[in-house]
Amino acid sequence: MSAKKISLTARNLVFLAVALAVGGAVALLAPPESLVSTISAALDGTTGKASYATSVFSGKPAMAALGILIFCLVLWVTEALPFHITGFLSLAFLTLLKVGKYKEIISTGFGNDIVVFFIGVLVLGAFITKSGLGKRISAVILSVTGNDTRLIVLGFLVTGALLSMWITDMAVAAMLMPLARAILQEEGVKPMKSNFGKALMISVAWGALIGGIATPAGCGSNPIALQFLSTMAGINLSFLDWMAYGVPTSLLLILPAWGILLLFFKPEMKKLKVTRETLKAEFKDMPPMNREERITLVVFVLTVLVWVLTPLIQGPIGMTIEISFPVLIAACLFFLPGMSKAKWKEIESEVDWAGILLIVSGLSLGTYLYKTGAAEWLAVSMLGRIGDVSLFAQVFLVTLGVCLLKVVFSSNTVTATILIPLIIGLGKALGMDVTIITLAAGLTSSLAFILVTTTPTNVIPFNAGYFSIKDMAKAGLAMTVAASVVVAVVFMGVGALRGIL
């Protein structure tokens with residue numbers, strides 16, 4: 001074993017030991033009186049919660065859940081272990097420390113249709129990429145924007161946002177980055193020396209991130225927020241309910257993102273060397289859609305239609321359509337005889353199984369933080385005074401706080417797992433509108449505008465070498481504030497239109 005590998009192993013062992021020591025110390029601490037009183041107030045008279053565990057009133061399970069949370073945070077932040085393995089460990093400790101019964105803990109996450117939903121979305125995204133449909137859609141943008149460098153930056157933002165509504169943001173970034181790099185290479189743009197190069201490559205990441213909040217299918221943290229709202233607050237939102245807030249927020253973020261990129265990185269060239277006519281001709285010369293593309297497009301459109309029209313379809317067919325059902329059918333359709341030629345092994349390699357394991361284990365951890373009363377206590381302790389300000393300010397502060405905390409959590413799923421239960425607990429404790437502030441937190445849990453390493457979606461264009469961590473951070477801070485304002489405005493406007501404010 002090389003010295004470098006030994007050093008890395010030693011580092012990870014140290015962080016694992018620190019995580020065990022700190023988490024164990026917290027789990028063994030005597031519960032503060034404020035925690036015990038919070039739990040008593042929350043659970044007294046609620047037979048469903050009280051029967052979960054008699055000892056919950058003592059605060060010991062809550063302290064154990066907090067200890068496990070801190071253990072996981074140390075490992076997630078330091079990346080001493082793979083994210084999903086840390087999630088699995090949390091399930092084991094929840095059982096060993098008797099926070100809950102093993103079967104209940106597992107069923108909380110693994111017995112959930114979110115698993116089916118996430119797998120289905122990843123399969124659909126894999127077909128869009130492999131069929132060539134994604135590349136074709138990307139090529140359309142240059143035929144529209146022409147050779148104006150400012151419009152090209154806008155075009156990548158719009159394309160990334162539209163694609164990422166339905167495909168995971170990381171897949172969209174991987175799809176658009178080679179196209180952006182090809183444009184820069186053809187123009188002879190030198191890495192780190194060109195404002196156009198910086199703006200274009202950052203737009204690859206930002207467009208994908210912005211689109212990811214529009215629908216539950218756009219990012220893995222979105223269905224987690226929906227699931228926590230359902231299980232913890234009894235609020236069941238449909239695909240269309242999420243889109244009512246997500247789509248306008250996503251669309252309204254595009255222009256601020258474009259303006260900020262041009263402000264910080266004003267392109268040194270106004271036009272590309274290649275003419276607008278040449279770009280249009282290249283698009284027209286593309287071969288017609290092949291069979292794989294046509295099949296993928298039809299299945300994709302049908303899936304979206306069922307999601308959007310669910311409220312109208314449920315009545316006539318006499319059944320409730322869960323959010324995972326349309327994409328479950330879509331994933332199956334591809335593998336029916338006579339449909340796609342792609343084999344499961346090819347698609348399987350595109351499915352982020354580690355991400356699925358992280359999601360289901362994260363659901364269990366987040367739920368038990370809530371069940372023990374730990375989430376509510378933490379939220380009130382940290383943000384208890386937020387209830388004194390207006391609803392607009394509440395949404396703005398929650399959004400801004402979640403965006404800034406993304407700097408610490410290098411995973412959208414981890415962010416949602418930790419923060420959503422806290423926000424729900426806070427809303428219920430202070431009598432706030434739980435739906436509004438939780439949806440706001442859910443929408444922004446994937447908006448990682450500041451730090452490159454926060455998400456693979458940022459790392460993909462960063463690896464092309466055209467911008468630095470500092471470049472993205474300085475523009476990202478401005479974008480984070482702008483996003484917080486946009487989210488607050490949209491939520492107030494849509495909430496008023498829907499009669500819930």
# chains A, B, ... in the order shown; residues from 1 in each chain; ligands from 1

call {"tool": "residues_around", "arguments": {"residues": "Ile347 in chain A", "least_positions_apart": "6", "cutoff": "10 Å", "atoms": "only C-alpha atoms", "output": "ChimeraX atom specification"}}
result
/A:122-127,130

call {"tool": "residues_around", "arguments": {"residues": "Arg11 in chain A", "least_positions_apart": "3", "cutoff": "12 Å", "atoms": "only C-alpha atoms", "output": "PyMOL selection string"}}
result
chain A and resi 4-8+14-18+75+78-81

call {"tool": "write_last_selection", "arguments": {"atoms": "C-alpha atoms", "output": "PDB file, in the first residue's frame"}}
result
ATOM      1  CA  LYS A   4      -0.692   8.234   0.184  1.00  0.00           C
ATOM      2  CA  LYS A   5      -3.265   5.469   0.669  1.00  0.00           C
ATOM      3  CA  ILE A   6      -1.998   4.765   4.196  1.00  0.00           C
ATOM      4  CA  SER A   7      -2.305   8.474   5.034  1.00  0.00           C
ATOM      5  CA  LEU A   8      -5.867   8.605   3.654  1.00  0.00           C
ATOM      6  CA  VAL A  14      -9.356   9.268  12.955  1.00  0.00           C
ATOM      7  CA  PHE A  15     -12.581  10.893  11.756  1.00  0.00           C
ATOM      8  CA  LEU A  16     -14.494   7.656  12.393  1.00  0.00           C
ATOM      9  CA  ALA A  17     -13.137   7.570  15.946  1.00  0.00           C
ATOM     10  CA  VAL A  18     -14.042  11.234  16.448  1.00  0.00           C
ATOM     11  CA  LEU A  75     -18.766  11.341   8.589  1.00  0.00           C
ATOM     12  CA  THR A  78     -15.511  14.709   6.287  1.00  0.00           C
ATOM     13  CA  GLU A  79     -16.478  11.999   3.763  1.00  0.00           C
ATOM     14  CA  ALA A  80     -14.541   9.488   5.848  1.00  0.00           C
ATOM     15  CA  LEU A  81     -17.027   6.843   4.703  1.00  0.00           C
TER      16      LEU A  81
END

call {"tool": "closest_residue", "arguments": {"among": "A:Gly442, A:Ile424, A:Phe239, A:Lys371", "to": "Val402 in chain A", "atoms": "only C-alpha atoms"}}
result
A:Gly442

call {"tool": "residues_around", "arguments": {"residues": "Leu162 in chain A", "least_positions_apart": "3", "cutoff": "10 Å", "atoms": "only C-alpha atoms", "output": "list in words"}}
result
Ile137, Phe156, Leu157, Val158, Thr159, Met165, Trp166, Ile167, Val172, Gly207, Ala208, Ile210, Gly211, Gly212, Ala214, Gly218, Val247, Ser250 and Leu251 of chain A

call {"tool": "closest_residue", "arguments": {"among": "A:Phe196, A:Phe93, A:Tyr466, A:Phe117", "to": "Pro267 in chain A", "atoms": "only C-alpha atoms"}}
result
A:Phe196

call {"tool": "closest_residue", "arguments": {"among": "A:Phe392, A:Phe491, A:Trp377, A:Trp76", "to": "Val36 in chain A", "atoms": "only C-alpha atoms"}}
result
A:Trp377

call {"tool": "atom_distance", "arguments": {"atom1": "CA of Leu89 in chain A", "atom2": "CA of Leu419 in chain A"}}
result
19.5 Å

call {"tool": "closest_residue", "arguments": {"among": "A:Leu28, A:Leu252, A:Ala21, A:Ser324", "to": "Gln227 in chain A", "atoms": "only C-alpha atoms"}}
result
A:Ser324

call {"tool": "residues_around", "arguments": {"residues": "range 56-72 of chain A", "least_positions_apart": "5", "cutoff": "7 Å", "atoms": "only C-alpha atoms", "output": "list in words"}}
result
Ala19, Leu20, Val22, Gly23, Gly24, Val26, Ala27, Pro31, Leu35, Val36, Ile39, Ser40, Thr86, Ser90, Phe93, Leu94, Leu97, Val99, Tyr368, Leu369, Thr372, Gly373 and Ala374 of chain A

call {"tool": "atom_distance", "arguments": {"atom1": "CA of Leu255 in chain A", "atom2": "CA of Val434 in chain A"}}
result
29.2 Å

call {"tool": "select_by_dssp", "arguments": {"residues": "range 170-294 of chain A", "states": "helix (DSSP H, G or I)", "output": "ChimeraX atom specification"}}
result
/A:170-186,195-211,221-233,239-264,276-284,291-294

call {"tool": "closest_residue", "arguments": {"among": "A:Leu477, A:Val74, A:Ala161, A:Ile386", "to": "Val414 in chain A", "atoms": "only C-alpha atoms"}}
result
A:Val74

call {"tool": "residues_around", "arguments": {"residues": "Gln394 in chain A", "least_positions_apart": "3", "cutoff": "12 Å", "atoms": "only C-alpha atoms", "output": "PyMOL selection string"}}
result
chain A and resi 383-391+397-401+423+426-427+430+432-434+436-438+440-441+484-485+487-489+491-492

call {"tool": "write_last_selection", "arguments": {"atoms": "N, CA and C atoms", "output": "compact mmCIF listing (two decimals), in the first residue's frame"}}
result
# COMPACT_ATOMS: atom_id res chain seq x y z
N LEU A 383 -33.89 28.38 15.83
CA LEU A 383 -34.65 29.33 15.01
C LEU A 383 -35.93 29.77 15.70
N GLY A 384 -35.97 29.65 17.01
CA GLY A 384 -37.21 29.91 17.73
C GLY A 384 -37.80 31.29 17.51
N ARG A 385 -36.99 32.29 17.22
CA ARG A 385 -37.49 33.66 17.11
C ARG A 385 -37.96 34.00 15.70
N ILE A 386 -37.84 33.04 14.78
CA ILE A 386 -38.25 33.32 13.40
C ILE A 386 -39.76 33.51 13.30
N GLY A 387 -40.50 32.97 14.29
CA GLY A 387 -41.95 33.12 14.29
C GLY A 387 -42.41 34.54 14.54
N ASP A 388 -41.50 35.43 14.98
CA ASP A 388 -41.86 36.81 15.29
C ASP A 388 -41.90 37.70 14.06
N VAL A 389 -41.37 37.22 12.93
CA VAL A 389 -41.31 38.05 11.73
C VAL A 389 -42.43 37.67 10.77
N SER A 390 -42.58 38.45 9.70
CA SER A 390 -43.65 38.20 8.73
C SER A 390 -43.40 36.90 7.97
N LEU A 391 -44.46 36.38 7.33
CA LEU A 391 -44.32 35.14 6.57
C LEU A 391 -43.31 35.29 5.44
N LEU A 397 -35.76 33.83 5.17
CA LEU A 397 -34.71 33.39 6.10
C LEU A 397 -34.50 31.88 6.05
N VAL A 398 -35.60 31.12 5.94
CA VAL A 398 -35.48 29.67 5.82
C VAL A 398 -34.72 29.30 4.54
N THR A 399 -35.09 29.95 3.44
CA THR A 399 -34.43 29.68 2.15
C THR A 399 -32.96 30.05 2.19
N LEU A 400 -32.67 31.23 2.70
CA LEU A 400 -31.28 31.67 2.78
C LEU A 400 -30.47 30.75 3.69
N GLY A 401 -31.05 30.36 4.82
CA GLY A 401 -30.35 29.47 5.74
C GLY A 401 -30.04 28.12 5.13
N ILE A 423 -37.31 21.76 10.08
CA ILE A 423 -38.22 22.82 9.65
C ILE A 423 -39.67 22.46 9.99
N LEU A 426 -40.11 22.90 13.65
CA LEU A 426 -40.15 24.33 13.97
C LEU A 426 -41.52 24.90 13.65
N GLY A 427 -42.04 24.59 12.47
CA GLY A 427 -43.33 25.13 12.06
C GLY A 427 -44.45 24.71 12.99
N LEU A 430 -44.10 26.47 16.51
CA LEU A 430 -44.38 27.91 16.54
C LEU A 430 -45.70 28.28 15.90
N MET A 432 -46.51 27.98 12.76
CA MET A 432 -46.29 28.58 11.44
C MET A 432 -46.94 27.72 10.37
N ASP A 433 -46.96 28.23 9.13
CA ASP A 433 -47.50 27.46 8.01
C ASP A 433 -46.47 26.40 7.61
N VAL A 434 -46.69 25.17 8.06
CA VAL A 434 -45.71 24.09 7.85
C VAL A 434 -45.50 23.82 6.36
N ILE A 436 -45.82 25.78 3.69
CA ILE A 436 -45.07 26.82 3.00
C ILE A 436 -43.58 26.76 3.32
N ILE A 437 -43.24 26.75 4.61
CA ILE A 437 -41.81 26.83 4.93
C ILE A 437 -41.09 25.51 4.61
N THR A 438 -41.80 24.38 4.71
CA THR A 438 -41.16 23.11 4.38
C THR A 438 -40.93 22.99 2.89
N ALA A 440 -40.51 25.48 0.87
CA ALA A 440 -39.43 26.42 0.58
C ALA A 440 -38.08 25.80 0.89
N ALA A 441 -37.99 25.11 2.03
CA ALA A 441 -36.74 24.44 2.38
C ALA A 441 -36.44 23.30 1.43
N SER A 484 -33.13 33.48 -2.72
CA SER A 484 -33.95 33.55 -1.51
C SER A 484 -35.09 34.55 -1.68
N VAL A 485 -34.79 35.68 -2.34
CA VAL A 485 -35.83 36.68 -2.60
C VAL A 485 -36.88 36.12 -3.57
N VAL A 487 -37.69 32.98 -4.21
CA VAL A 487 -38.49 31.93 -3.57
C VAL A 487 -39.56 32.56 -2.67
N ALA A 488 -39.17 33.56 -1.87
CA ALA A 488 -40.13 34.21 -0.98
C ALA A 488 -41.25 34.89 -1.76
N VAL A 489 -40.91 35.59 -2.84
CA VAL A 489 -41.91 36.27 -3.67
C VAL A 489 -42.87 35.27 -4.30
N PHE A 491 -43.58 32.16 -3.36
CA PHE A 491 -44.41 31.47 -2.38
C PHE A 491 -45.54 32.37 -1.86
N MET A 492 -45.25 33.65 -1.69
CA MET A 492 -46.31 34.56 -1.27
C MET A 492 -47.34 34.73 -2.38

call {"tool": "residues_around", "arguments": {"residues": "range 293-306 of chain A", "least_positions_apart": "6", "cutoff": "10 Å", "atoms": "only C-alpha atoms", "output": "JSON, numbers by chain"}}
result
{"A": [124, 125, 127, 128, 129, 130, 131, 132, 133, 134, 136, 166, 217, 239, 312, 313, 321, 323, 325, 326, 327, 328, 329, 330, 331, 333, 334, 339, 340]}

call {"tool": "write_last_selection", "arguments": {"atoms": "N, CA and C atoms", "output": "CSV table (one decimal), in the first residue's frame"}}
result
chain,number,residue,atom,x,y,z
A,124,LEU,N,-35.5,6.5,-16.4
A,124,LEU,CA,-36.0,7.4,-17.5
A,124,LEU,C,-34.9,8.3,-18.0
A,125,GLY,N,-34.1,8.9,-17.0
A,125,GLY,CA,-33.0,9.7,-17.4
A,125,GLY,C,-32.0,9.0,-18.2
A,127,PHE,N,-32.4,6.4,-20.2
A,127,PHE,CA,-32.8,6.2,-21.6
A,127,PHE,C,-32.8,7.5,-22.4
A,128,ILE,N,-33.1,8.7,-21.8
A,128,ILE,CA,-33.0,9.9,-22.5
A,128,ILE,C,-31.5,10.2,-22.9
A,129,THR,N,-30.6,9.9,-22.1
A,129,THR,CA,-29.2,10.1,-22.4
A,129,THR,C,-28.7,9.1,-23.4
A,130,LYS,N,-29.0,7.8,-23.2
A,130,LYS,CA,-28.4,6.8,-24.1
A,130,LYS,C,-29.0,6.8,-25.5
A,131,SER,N,-30.3,7.2,-25.6
A,131,SER,CA,-31.0,7.2,-26.9
A,131,SER,C,-30.5,8.3,-27.8
A,132,GLY,N,-29.8,9.3,-27.2
A,132,GLY,CA,-29.4,10.4,-28.0
A,132,GLY,C,-30.4,11.6,-28.0
A,133,LEU,N,-31.5,11.4,-27.4
A,133,LEU,CA,-32.6,12.4,-27.3
A,133,LEU,C,-32.0,13.7,-26.6
A,134,GLY,N,-31.3,13.4,-25.5
A,134,GLY,CA,-30.8,14.6,-24.7
A,134,GLY,C,-29.8,15.4,-25.5
A,136,ARG,N,-29.8,15.7,-28.8
A,136,ARG,CA,-30.6,16.4,-29.8
A,136,ARG,C,-31.2,17.7,-29.2
A,166,TRP,N,-36.8,17.0,-15.4
A,166,TRP,CA,-37.3,15.7,-15.6
A,166,TRP,C,-36.1,14.7,-15.5
A,217,ALA,N,-39.5,15.2,-9.7
A,217,ALA,CA,-38.6,14.4,-10.4
A,217,ALA,C,-37.2,15.0,-10.7
A,239,PHE,N,-47.9,15.8,-7.4
A,239,PHE,CA,-46.9,16.3,-8.3
A,239,PHE,C,-47.2,17.7,-8.7
A,312,LEU,N,-57.1,15.1,-12.4
A,312,LEU,CA,-58.2,14.9,-13.3
A,312,LEU,C,-58.4,13.4,-13.6
A,313,ILE,N,-57.4,12.6,-13.5
A,313,ILE,CA,-57.4,11.2,-13.9
A,313,ILE,C,-58.0,10.3,-12.7
A,321,ILE,N,-53.5,7.8,-7.6
A,321,ILE,CA,-52.3,7.7,-8.3
A,321,ILE,C,-51.1,8.3,-7.5
A,323,ILE,N,-47.3,9.3,-6.6
A,323,ILE,CA,-46.3,10.0,-7.4
A,323,ILE,C,-45.3,9.0,-8.1
A,325,PHE,N,-46.1,6.0,-9.3
A,325,PHE,CA,-46.8,5.0,-10.2
A,325,PHE,C,-46.5,5.3,-11.7
A,326,PRO,N,-46.7,6.6,-12.1
A,326,PRO,CA,-46.4,6.8,-13.6
A,326,PRO,C,-45.0,6.5,-14.0
A,327,VAL,N,-44.0,6.8,-13.2
A,327,VAL,CA,-42.6,6.5,-13.6
A,327,VAL,C,-42.3,5.0,-13.4
A,328,LEU,N,-43.0,4.3,-12.5
A,328,LEU,CA,-42.8,2.9,-12.4
A,328,LEU,C,-43.3,2.2,-13.7
A,329,ILE,N,-44.5,2.7,-14.2
A,329,ILE,CA,-45.0,2.1,-15.5
A,329,ILE,C,-44.0,2.5,-16.7
A,330,ALA,N,-43.5,3.7,-16.6
A,330,ALA,CA,-42.6,4.2,-17.7
A,330,ALA,C,-41.4,3.3,-17.7
A,331,ALA,N,-40.8,3.0,-16.6
A,331,ALA,CA,-39.6,2.2,-16.5
A,331,ALA,C,-39.8,0.8,-17.1
A,333,LEU,N,-42.2,0.0,-19.3
A,333,LEU,CA,-42.5,0.1,-20.7
A,333,LEU,C,-41.3,-0.1,-21.6
A,334,PHE,N,-40.2,0.5,-21.2
A,334,PHE,CA,-39.0,0.4,-22.0
A,334,PHE,C,-38.5,-1.0,-22.2
A,339,MET,N,-39.9,-3.0,-27.6
A,339,MET,CA,-39.7,-1.6,-27.3
A,339,MET,C,-38.2,-1.3,-27.5
A,340,SER,N,-37.5,-0.8,-26.5
A,340,SER,CA,-36.1,-0.4,-26.6
A,340,SER,C,-35.2,-1.6,-26.8

call {"tool": "residues_around", "arguments": {"residues": "Lys270 in chain A", "least_positions_apart": "6", "cutoff": "9 Å", "atoms": "only C-alpha atoms", "output": "count of residues only"}}
result
4

call {"tool": "atom_distance", "arguments": {"atom1": "CA of Ser361 in chain A", "atom2": "CA of Ser445 in chain A"}}
result
17.7 Å

call {"tool": "closest_residue", "arguments": {"among": "A:Ala482, A:Val204, A:Ala464, A:Leu179", "to": "Leu163 in chain A", "atoms": "only C-alpha atoms"}}
result
A:Val204
